[in-house]
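Below is the file model30.txt, which contains compact mmCIF, C-alpha atoms.
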```txt
# COMPACT_ATOMS: atom_id res chain seq x y z
CA MET A 1 3.63 22.35 2.68
CA SER A 2 5.27 23.85 5.73
CA ASP A 3 4.46 20.99 8.11
CA PRO A 4 7.61 18.86 8.46
CA PRO A 5 7.51 15.08 7.88
CA ARG A 6 7.77 12.78 10.86
CA SER A 7 11.11 11.12 11.25
CA SER A 8 11.35 7.47 10.13
CA ARG A 9 10.20 4.96 12.74
CA PRO A 10 12.54 2.11 13.69
CA GLU A 11 11.66 -1.42 12.53
CA LEU A 12 9.31 -3.34 14.78
CA HIS A 13 10.76 -6.36 16.53
CA PRO A 14 8.61 -9.43 15.64
CA ALA A 15 7.77 -10.06 19.31
CA GLU A 16 6.73 -6.43 19.71
CA GLU A 17 4.59 -6.67 16.57
CA ILE A 18 2.81 -9.78 17.89
CA ARG A 19 2.15 -7.99 21.18
CA LEU A 20 0.73 -4.93 19.38
CA ILE A 21 -1.54 -7.02 17.14
CA ALA A 22 -2.83 -9.01 20.10
CA GLY A 23 -3.50 -5.74 21.95
CA ALA A 24 -5.26 -4.20 18.93
CA LYS A 25 -7.41 -7.32 18.51
CA HIS A 26 -8.53 -7.00 22.11
CA GLY A 27 -9.55 -3.38 21.64
CA ASP A 28 -6.42 -1.57 22.87
CA HIS A 29 -6.37 1.63 20.80
CA GLY A 30 -2.81 2.42 21.89
CA SER A 31 -1.53 -0.83 20.36
CA PHE A 32 -3.35 -0.19 17.11
CA GLU A 33 -2.07 3.38 16.93
CA GLU A 34 1.50 2.17 17.48
CA LEU A 35 1.07 -0.41 14.72
CA VAL A 36 -0.24 2.26 12.32
CA ASP A 37 2.57 4.58 13.30
CA ARG A 38 5.22 1.99 12.41
CA TYR A 39 3.64 0.94 9.11
CA MET A 40 2.24 4.21 7.76
CA GLY A 41 5.39 5.40 5.95
CA LYS A 42 5.98 2.04 4.30
CA ALA A 43 2.30 1.74 3.39
CA MET A 44 2.37 5.17 1.76
CA THR A 45 5.51 4.28 -0.18
CA VAL A 46 3.93 1.06 -1.49
CA ALA A 47 0.64 2.82 -2.30
CA ARG A 48 2.67 5.45 -4.16
CA ALA A 49 3.73 2.70 -6.60
CA TYR A 50 0.12 2.29 -7.69
CA VAL A 51 -1.25 5.83 -7.77
CA ARG A 52 -0.14 9.09 -9.25
CA ASN A 53 0.56 11.25 -6.25
CA ARG A 54 1.40 11.43 -2.58
CA GLU A 55 -2.02 12.67 -1.47
CA ASP A 56 -3.78 9.65 -2.97
CA ALA A 57 -1.11 7.35 -1.52
CA LEU A 58 -1.76 8.80 1.94
CA GLU A 59 -5.51 8.43 1.49
CA LEU A 60 -5.17 4.81 0.35
CA ALA A 61 -2.78 3.89 3.16
CA GLN A 62 -5.27 5.33 5.62
CA GLU A 63 -8.15 3.49 3.97
CA ALA A 64 -6.16 0.24 4.22
CA PHE A 65 -5.60 0.80 7.95
CA TYR A 66 -9.30 1.41 8.38
CA ARG A 67 -10.03 -1.91 6.66
CA VAL A 68 -7.43 -3.60 8.85
CA TYR A 69 -9.14 -2.19 11.95
CA ARG A 70 -12.49 -3.56 10.82
CA SER A 71 -11.03 -6.98 9.95
CA LEU A 72 -8.78 -7.45 12.98
CA ASP A 73 -11.07 -10.10 14.44
CA ARG A 74 -10.47 -12.22 11.32
CA PHE A 75 -6.67 -11.99 11.62
CA ARG A 76 -5.24 -15.19 13.09
CA GLU A 77 -2.80 -14.46 15.89
CA GLY A 78 0.63 -15.95 15.31
CA GLU A 79 0.54 -15.29 11.54
CA ALA A 80 2.74 -12.60 10.03
CA PHE A 81 1.05 -9.21 9.92
CA ALA A 82 2.95 -7.71 6.97
CA PRO A 83 1.68 -10.05 4.18
CA TRP A 84 -1.89 -9.74 5.43
CA PHE A 85 -1.63 -5.97 5.63
CA TYR A 86 0.03 -5.52 2.22
CA ARG A 87 -2.60 -7.71 0.62
CA ILE A 88 -5.31 -5.44 2.00
CA LEU A 89 -3.35 -2.38 0.87
CA ARG A 90 -2.81 -3.81 -2.62
CA ASN A 91 -6.52 -4.62 -3.02
CA THR A 92 -7.39 -1.12 -1.83
CA CYS A 93 -5.03 0.39 -4.41
CA LEU A 94 -6.21 -1.85 -7.27
CA ASN A 95 -9.85 -1.06 -6.47
CA TRP A 96 -8.97 2.62 -6.50
CA LEU A 97 -7.24 2.29 -9.87
CA ASP A 98 -10.22 0.38 -11.30
CA LYS A 99 -12.59 3.01 -9.98
CA HIS A 100 -10.50 5.78 -11.45
CA LYS A 101 -9.79 3.81 -14.66
CA LYS A 102 -6.05 4.32 -14.19
CA ARG A 103 -4.88 0.72 -13.99
CA ARG A 104 -4.12 0.61 -17.69
CA HIS A 105 -1.89 3.68 -17.46
CA ALA A 106 -0.34 3.04 -14.05
CA SER A 107 2.79 1.42 -15.45
CA LEU A 108 3.48 4.36 -17.72
CA ASP A 109 3.18 7.37 -15.53
CA ALA A 110 3.03 6.57 -11.82
CA PRO A 111 6.18 7.84 -10.16
CA ILE A 112 7.04 6.07 -6.92
CA GLY A 113 8.94 6.62 -3.73
CA GLY A 114 9.66 10.17 -4.70
CA ASP A 115 7.76 13.29 -4.37
CA PRO A 116 7.11 15.20 -7.56
CA ASP A 117 4.42 17.30 -5.91
CA GLY A 118 6.75 18.70 -3.30
CA ALA A 119 5.63 16.54 -0.39
CA PRO A 120 7.94 15.70 2.46
CA MET A 121 10.11 12.60 2.57
CA SER A 122 12.14 11.17 5.38
CA HIS A 123 15.86 11.57 4.88
CA ALA A 124 19.01 11.05 6.81
CA ASP A 125 19.75 13.89 9.18
CA PRO A 126 21.29 16.55 6.89
CA SER A 127 23.60 17.69 9.65
CA THR A 128 25.37 14.32 9.65
CA VAL A 129 25.79 14.07 5.86
CA ARG A 130 28.46 15.98 3.95
CA PRO A 131 26.98 18.39 1.34
CA GLU A 132 28.63 16.62 -1.62
CA ARG A 133 27.26 13.27 -0.37
CA GLN A 134 23.79 14.84 -0.04
CA VAL A 135 23.97 15.84 -3.70
CA GLU A 136 25.06 12.31 -4.67
CA GLN A 137 22.28 10.75 -2.59
CA SER A 138 19.69 13.06 -4.05
CA GLU A 139 20.93 12.25 -7.57
CA GLU A 140 20.82 8.51 -6.76
CA GLN A 141 17.27 8.82 -5.52
CA ARG A 142 16.23 10.76 -8.60
CA MET A 143 17.77 8.22 -10.97
CA LEU A 144 16.34 5.29 -9.05
CA ARG A 145 12.85 6.77 -9.01
CA ALA A 146 13.02 7.57 -12.71
CA ALA A 147 14.16 4.01 -13.48
CA LEU A 148 11.41 2.49 -11.34
CA ASP A 149 8.86 4.76 -13.01
CA ARG A 150 9.62 3.13 -16.32
CA LEU A 151 8.81 -0.40 -15.09
CA PRO A 152 5.41 -2.05 -15.48
CA LEU A 153 3.26 -2.06 -12.34
CA ILE A 154 3.76 -5.80 -11.68
CA HIS A 155 7.53 -5.26 -11.58
CA ARG A 156 7.38 -2.12 -9.44
CA GLU A 157 5.20 -3.76 -6.82
CA ILE A 158 7.31 -6.91 -6.51
CA LEU A 159 10.55 -4.91 -6.26
CA LEU A 160 9.08 -2.77 -3.51
CA LEU A 161 7.75 -5.76 -1.59
CA ARG A 162 11.09 -7.57 -1.77
CA HIS A 163 13.74 -4.84 -1.58
CA PHE A 164 11.90 -2.22 0.35
CA GLN A 165 9.55 -4.15 2.64
CA ASP A 166 11.94 -7.09 2.86
CA LEU A 167 9.18 -9.70 2.49
CA ASP A 168 10.32 -13.27 1.78
CA TYR A 169 9.10 -15.23 -1.25
CA ALA A 170 6.31 -16.99 0.68
CA SER A 171 4.96 -13.66 1.94
CA ILE A 172 5.18 -12.04 -1.51
CA ALA A 173 3.35 -15.03 -2.99
CA GLN A 174 0.64 -14.53 -0.38
CA VAL A 175 0.32 -10.79 -1.06
CA LEU A 176 0.26 -11.11 -4.85
CA ASP A 177 -1.64 -14.43 -4.87
CA ILE A 178 0.87 -16.11 -7.17
CA PRO A 179 3.01 -19.27 -6.81
CA ILE A 180 6.51 -18.96 -5.30
CA GLY A 181 8.05 -19.98 -8.66
CA THR A 182 6.32 -17.00 -10.26
CA VAL A 183 7.66 -14.72 -7.52
CA MET A 184 11.19 -15.84 -8.40
CA SER A 185 10.83 -15.40 -12.15
CA ARG A 186 8.96 -12.09 -11.79
CA LEU A 187 11.72 -10.78 -9.53
CA PHE A 188 14.33 -11.88 -12.05
CA HIS A 189 12.59 -10.02 -14.89
CA ALA A 190 11.90 -6.98 -12.70
CA ARG A 191 15.58 -6.74 -11.72
CA ARG A 192 16.72 -7.21 -15.28
CA LYS A 193 14.42 -4.41 -16.42
CA LEU A 194 15.55 -2.16 -13.60
CA LYS A 195 19.19 -2.92 -14.37
CA GLU A 196 18.65 -1.98 -18.02
CA ALA A 197 17.03 1.27 -16.95
CA LEU A 198 19.87 2.01 -14.55
CA ASP A 199 22.77 0.71 -16.63
CA ALA A 200 23.90 4.07 -17.87
CA TYR A 201 23.82 5.42 -14.34
CA MET A 202 25.61 2.41 -12.83
CA GLU A 203 28.36 2.69 -15.46
CA GLY A 204 28.80 6.35 -14.61
CA ARG A 205 29.37 5.53 -10.93
CA LYS A 206 32.35 3.26 -11.68
CA MET B 1 -0.20 -11.60 -16.76
CA SER B 2 2.71 -13.42 -18.43
CA GLU B 3 6.07 -12.91 -16.74
CA VAL B 4 7.82 -12.81 -20.11
CA GLN B 5 7.11 -9.79 -22.27
CA PRO B 6 7.21 -10.05 -26.09
CA GLY B 7 10.82 -10.29 -27.30
CA GLU B 8 12.13 -11.44 -23.88
CA ALA B 9 13.74 -14.79 -23.16
CA PRO B 10 12.36 -16.72 -20.19
CA ALA B 11 14.65 -16.99 -17.16
CA THR B 12 17.05 -19.94 -17.19
CA GLU B 13 17.41 -22.23 -14.18
CA ARG B 14 20.79 -20.65 -13.43
CA GLN B 15 19.28 -17.15 -13.45
CA LEU B 16 16.47 -18.26 -11.14
CA LEU B 17 19.01 -19.85 -8.80
CA LEU B 18 20.98 -16.61 -8.77
CA THR B 19 17.79 -14.68 -7.93
CA ALA B 20 16.95 -17.04 -5.06
CA TRP B 21 20.57 -16.98 -3.81
CA LEU B 22 20.60 -13.16 -3.73
CA ASP B 23 17.38 -13.23 -1.70
CA GLY B 24 18.63 -15.87 0.74
CA GLU B 25 15.90 -18.27 -0.37
CA LEU B 26 18.05 -21.33 -1.12
CA ASP B 27 18.29 -24.18 1.38
CA PRO B 28 21.82 -24.92 2.71
CA ALA B 29 22.54 -27.71 0.19
CA GLU B 30 21.36 -25.64 -2.79
CA ARG B 31 23.29 -22.63 -1.53
CA ALA B 32 26.53 -24.62 -1.21
CA ARG B 33 26.06 -26.03 -4.74
CA PHE B 34 25.36 -22.57 -6.16
CA GLU B 35 28.33 -21.01 -4.38
CA ARG B 36 30.58 -23.65 -5.95
CA MET B 37 29.15 -22.62 -9.34
CA LEU B 38 29.88 -18.98 -8.49
CA ALA B 39 33.48 -19.78 -7.57
CA GLU B 40 34.03 -21.60 -10.86
CA ASP B 41 32.26 -19.16 -13.18
CA PRO B 42 33.60 -15.56 -13.28
CA GLU B 43 30.77 -14.45 -15.58
CA LEU B 44 28.16 -15.66 -13.09
CA ALA B 45 30.10 -14.05 -10.23
CA ALA B 46 30.18 -10.72 -12.09
CA ASP B 47 26.43 -10.96 -12.73
CA ALA B 48 25.85 -11.70 -9.03
CA ALA B 49 27.95 -8.69 -7.99
CA ALA B 50 26.08 -6.39 -10.38
CA GLN B 51 22.70 -7.57 -9.13
CA LYS B 52 23.81 -7.21 -5.52
CA GLU B 53 24.77 -3.60 -6.24
CA LEU B 54 21.38 -3.02 -7.82
CA ILE B 55 19.56 -4.47 -4.81
CA ASP B 56 21.61 -2.33 -2.40
CA LEU B 57 20.75 0.73 -4.45
CA THR B 58 16.99 0.05 -4.44
CA ARG B 59 17.08 -0.58 -0.71
CA SER B 60 18.23 3.02 -0.31
CA LEU B 61 14.93 4.39 -1.65
CA SER B 62 13.56 7.05 0.70
CA VAL B 63 10.44 6.28 2.72
CA LEU B 64 7.44 8.55 2.32
CA GLU B 65 6.29 9.82 5.69
CA PRO B 66 3.08 11.62 6.61
CA THR B 67 3.41 14.88 8.50
CA GLU B 68 2.34 15.18 12.13
CA ALA B 69 -0.68 17.26 11.02
CA GLU B 70 -1.72 14.60 8.52
CA MET B 71 -1.55 11.94 11.21
CA ARG B 72 -3.63 14.08 13.59
CA ARG B 73 -6.26 14.55 10.86
CA PHE B 74 -6.17 10.83 10.14
CA TRP B 75 -6.81 9.83 13.75
CA ALA B 76 -9.56 12.41 14.13
CA SER B 77 -11.37 11.14 11.03
CA PHE B 78 -10.59 7.49 11.90
CA TYR B 79 -12.53 7.52 15.17
CA ASN B 80 -15.19 9.86 13.75
CA ARG B 81 -15.72 7.41 10.93
CA THR B 82 -16.08 4.46 13.31
CA GLU B 83 -18.56 6.33 15.50
CA TRP B 84 -20.36 7.63 12.41
CA GLN B 85 -20.97 4.08 11.19
CA VAL B 86 -22.22 2.88 14.58
CA ALA B 87 -24.48 5.93 14.81
CA TRP B 88 -25.92 5.26 11.35
CA ILE B 89 -26.65 1.63 12.20
CA LEU B 90 -28.44 2.65 15.42
CA LEU B 91 -30.32 5.40 13.60
CA LEU B 92 -31.43 3.12 10.77
CA LEU B 93 -32.58 0.43 13.21
CA GLY B 94 -34.62 3.01 15.13
CA VAL B 95 -36.10 4.51 11.95
CA ALA B 96 -36.96 1.03 10.63
CA GLY B 97 -38.74 0.16 13.91
CA LEU B 98 -40.63 3.45 14.02
CA LEU B 99 -41.58 3.23 10.34
CA GLY B 100 -42.83 -0.35 10.71
CA GLU B 101 -44.92 0.49 13.73
CA GLY B 102 -46.10 3.76 12.10
CA LEU B 103 -47.10 2.00 8.90
CA TYR B 104 -49.03 -0.61 10.86
CA LEU B 105 -50.87 2.10 12.81
CA LEU B 106 -51.48 4.10 9.63
CA ILE B 107 -52.93 1.18 7.69
CA SER B 108 -55.07 -0.03 10.58
CA SER B 109 -56.33 3.51 11.37
CA ALA B 110 -59.68 4.97 10.37
CA LEU B 111 -58.08 7.61 8.10
CA SER B 112 -59.24 7.79 4.48
CA TRP B 113 -57.15 5.93 1.85
CA THR B 114 -56.31 9.30 0.25
CA VAL B 115 -54.58 10.48 3.44
CA LYS B 116 -52.88 7.11 3.87
CA ALA B 117 -51.57 7.28 0.27
CA ALA B 118 -50.35 10.87 0.77
CA VAL B 119 -48.46 9.95 3.96
CA LEU B 120 -46.87 6.92 2.28
CA SER B 121 -45.91 9.00 -0.78
CA THR B 122 -44.31 11.72 1.40
CA LEU B 123 -42.33 9.18 3.42
CA SER B 124 -41.16 7.29 0.29
CA GLY B 125 -40.11 10.52 -1.46
CA GLY B 126 -38.20 11.71 1.63
CA ALA B 127 -36.42 8.37 2.03
CA LEU B 128 -35.46 8.33 -1.64
CA LEU B 129 -34.04 11.87 -1.43
CA ILE B 130 -32.01 11.04 1.70
CA TRP B 131 -30.66 7.85 0.11
CA ASN B 132 -29.78 9.70 -3.11
CA THR B 133 -27.92 12.47 -1.26
CA ALA B 134 -26.09 10.03 1.03
CA ARG B 135 -24.97 7.89 -1.92
CA LEU B 136 -23.70 10.93 -3.84
CA LYS B 137 -21.80 12.14 -0.78
CA MET B 138 -20.24 8.72 -0.14
CA ARG B 139 -19.10 8.38 -3.75
CA THR B 140 -17.61 11.82 -4.09
CA SER B 141 -16.09 12.54 -0.68
CA ARG B 142 -14.13 9.34 -0.10
CA PHE B 143 -11.27 10.29 -2.36
CA ASP B 144 -11.74 14.03 -2.43
CA ARG B 145 -8.17 15.18 -1.89
CA TYR B 146 -9.33 18.71 -1.12
CA ARG B 147 -11.80 17.78 1.62
CA GLY B 148 -9.38 18.83 4.35
CA VAL B 149 -8.69 22.18 2.69
CA MET B 150 -10.10 25.24 4.45
CA ARG B 151 -12.10 27.28 1.95
```
Rendering of file as structure tokens:
Amino acid sequence: MSDPPRSSRPELHPAEEIRLIAGAKHGDHGSFEELVDRYMGKAMTVARAYVRNREDALELAQEAFYRVYRSLDRFREGEAFAPWFYRILRNTCLNWLDKHKKRRHASLDAPIGGDPDGAPMSHADPSTVRPERQVEQSEEQRMLRAALDRLPLIHREILLLRHFQDLDYASIAQVLDIPIGTVMSRLFHARRKLKEALDAYMEGRK
Amino acid sequence: MSEVQPGEAPATERQLLLTAWLDGELDPAERARFERMLAEDPELAADAAAQKELIDLTRSLSVLEPTEAEMRRFWASFYNRTEWQVAWILLLLGVAGLLGEGLYLLISSALSWTVKAAVLSTLSGGALLIWNTARLKMRTSRFDRYRGVMR
């Protein structure tokens, strides 16, 4: 694909997010578009954990935003947007997997975060990174993606929600519909599994 | 699904505390108690350092980003889809009203029952065909990854 990826969008300040959601709820298309713009990359990355390729991840992220748009009147102002949104996205992805009968296999062969089909990713500006560091970073990303690929789906999703989306335990519990104690133990097992998968690589870095 | 896979030991309280500490989820009293444990136990401190390194590494995962063209296509289809749904609702309401009134006029008219039956059969067949085609299109096009491809 020759079309370049958009550059990464900066994190939304909570007050700004509340303002955008309130605007979107009252029919301001600009606010909704800004909200989509800020969340689209993250949504695609999370969706990528569930499905096999970037194109489906894009489609599912878009479908989730469409569902958000239709349900905005049911969203209670003052609540956090991210857990509500990721719950909709997760349900969209799980429905898709059920429909395509892939849920059983998702833990075995769904690569995440990366781009095996040659699709664009956002990266640090190459001009500011030394070539040898670029190689190291690319190798790190490859190893990390390969290690994550080997984890079961329940571990991949919780690691992404915690490490990548930075959701707290209460929000993760809300997204996954599990108790906070289960969030903690699932994170522990997910990290242990990831560490095992990465051990050889981590040793090599020392 | 069980958190513990076959052959795995369940997490101990200390391991769960370490997990919560790494995520900043302990209250101040619990955190102070755990940090005293860390200071007194080199093995626990080494485990904490290794897990911290792991977390930092996973945080470096690249974000997928759509291209500008993909976003333009998304917004075009997004508003089309909204308008398309409103249009369908209006159309169906209109058709339902016209059909109801038409059926009433047809049944109460002086036409023979053969003609009435033929008109009803034609309308039912047409409606069934439209429904069948629309359902097939909805089921196949939603996740057709090639639908934006120029042929």
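Take atom CA of B:Pro10 and atom CA of A:Thr182: the distance between them is 11.6 Å.
Going from atom CA of B:Gly100 over to atom CA of B:Trp84, you cover 23.9 Å.
Reported to one decimal place, the separation of atom CA of A:Ala197 from atom CA of A:Arg150 is 7.7 Å.
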Closest atom pairs, residues of chain B within 6 Å of chain A, only C-alpha atoms, as JSON lines:
```
{"residue": "B:Glu3", "atom": "CA", "partner": "A:Arg186", "partner_atom": "CA", "distance": 5.8}
{"residue": "B:Arg59", "atom": "CA", "partner": "A:His163", "partner_atom": "CA", "distance": 5.5}
{"residue": "B:Val63", "atom": "CA", "partner": "A:Ser122", "partner_atom": "CA", "distance": 5.8}
{"residue": "B:Leu64", "atom": "CA", "partner": "A:Met121", "partner_atom": "CA", "distance": 4.9}
{"residue": "B:Glu65", "atom": "CA", "partner": "A:Gly41", "partner_atom": "CA", "distance": 4.5}
{"residue": "B:Pro66", "atom": "CA", "partner": "A:Pro5", "partner_atom": "CA", "distance": 5.8}
{"residue": "B:Thr67", "atom": "CA", "partner": "A:Pro5", "partner_atom": "CA", "distance": 4.2}
```
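Residue nearest B:Leu92, chosen from B:Asn80, B:Ala110, B:Met138, B:Ala127 and counting only C-alpha atoms: B:Ala127.
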Quiz prompt | Within 10 Å of A:Phe81 using all atoms listed in the file, minus same-chain residues under 6 positions, as a PyMOL selection string | solution = chain A and resi 14+17-18+21+75+171
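Every protein, DNA or RNA residue with an atom at most 9 Å from A:Glu157, where all atoms listed in the file count and chain neighbours fewer than 4 positions away do not, is listed here: A:Val46, A:Ala49, A:Tyr50, A:Pro152, A:Leu153, A:Leu161, A:Arg162.
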Self-check item: Nearest to A:Phe32, chosen from B:Arg31, B:Thr114, B:Trp75, B:Lys52, with all atoms listed in the file counted in the distances
Solution: B:Trp75
Self-check item: Which of A:Gln174, A:Ser31, A:Pro179, A:Asn53 sits closest to A:Ile88 [using only C-alpha atoms]
Solution: A:Gln174
Box along x, y and z, 4 Å on every side, all listed atoms of stretch 95-113 of chain B inside: centre and edge lengths in Å to one decimal, as lines of an AutoDock Vina configuration file.
```
center_x = -47.9
center_y = 3.6
center_z = 7.9
size_x = 31.6
size_y = 16.4
size_z = 20.2
```
Quiz item: stretch 15-18 of chain B: which residues within 8 Å, counting all atoms listed in the file, same-chain residues fewer than 2 positions away excluded, as JSON, numbers by chain?
Solution: {"A": [184, 185, 188], "B": [11, 12, 13, 20, 21, 22, 26, 34, 48]}
Just-selected residues, C-alpha atoms written as a PDB file, in the coordinates of the input:
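Listed below is the output, selection-v6.pdb:
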```pdb
ATOM      1  CA  MET A 184      11.190 -15.840  -8.400  1.00  0.00           C
ATOM      2  CA  SER A 185      10.830 -15.400 -12.150  1.00  0.00           C
ATOM      3  CA  PHE A 188      14.330 -11.880 -12.050  1.00  0.00           C
TER       4      PHE A 188
ATOM      5  CA  ALA B  11      14.650 -16.990 -17.160  1.00  0.00           C
ATOM      6  CA  THR B  12      17.050 -19.940 -17.190  1.00  0.00           C
ATOM      7  CA  GLU B  13      17.410 -22.230 -14.180  1.00  0.00           C
ATOM      8  CA  ALA B  20      16.950 -17.040  -5.060  1.00  0.00           C
ATOM      9  CA  TRP B  21      20.570 -16.980  -3.810  1.00  0.00           C
ATOM     10  CA  LEU B  22      20.600 -13.160  -3.730  1.00  0.00           C
ATOM     11  CA  LEU B  26      18.050 -21.330  -1.120  1.00  0.00           C
ATOM     12  CA  PHE B  34      25.360 -22.570  -6.160  1.00  0.00           C
ATOM     13  CA  ALA B  48      25.850 -11.700  -9.030  1.00  0.00           C
TER      14      ALA B  48
END
```
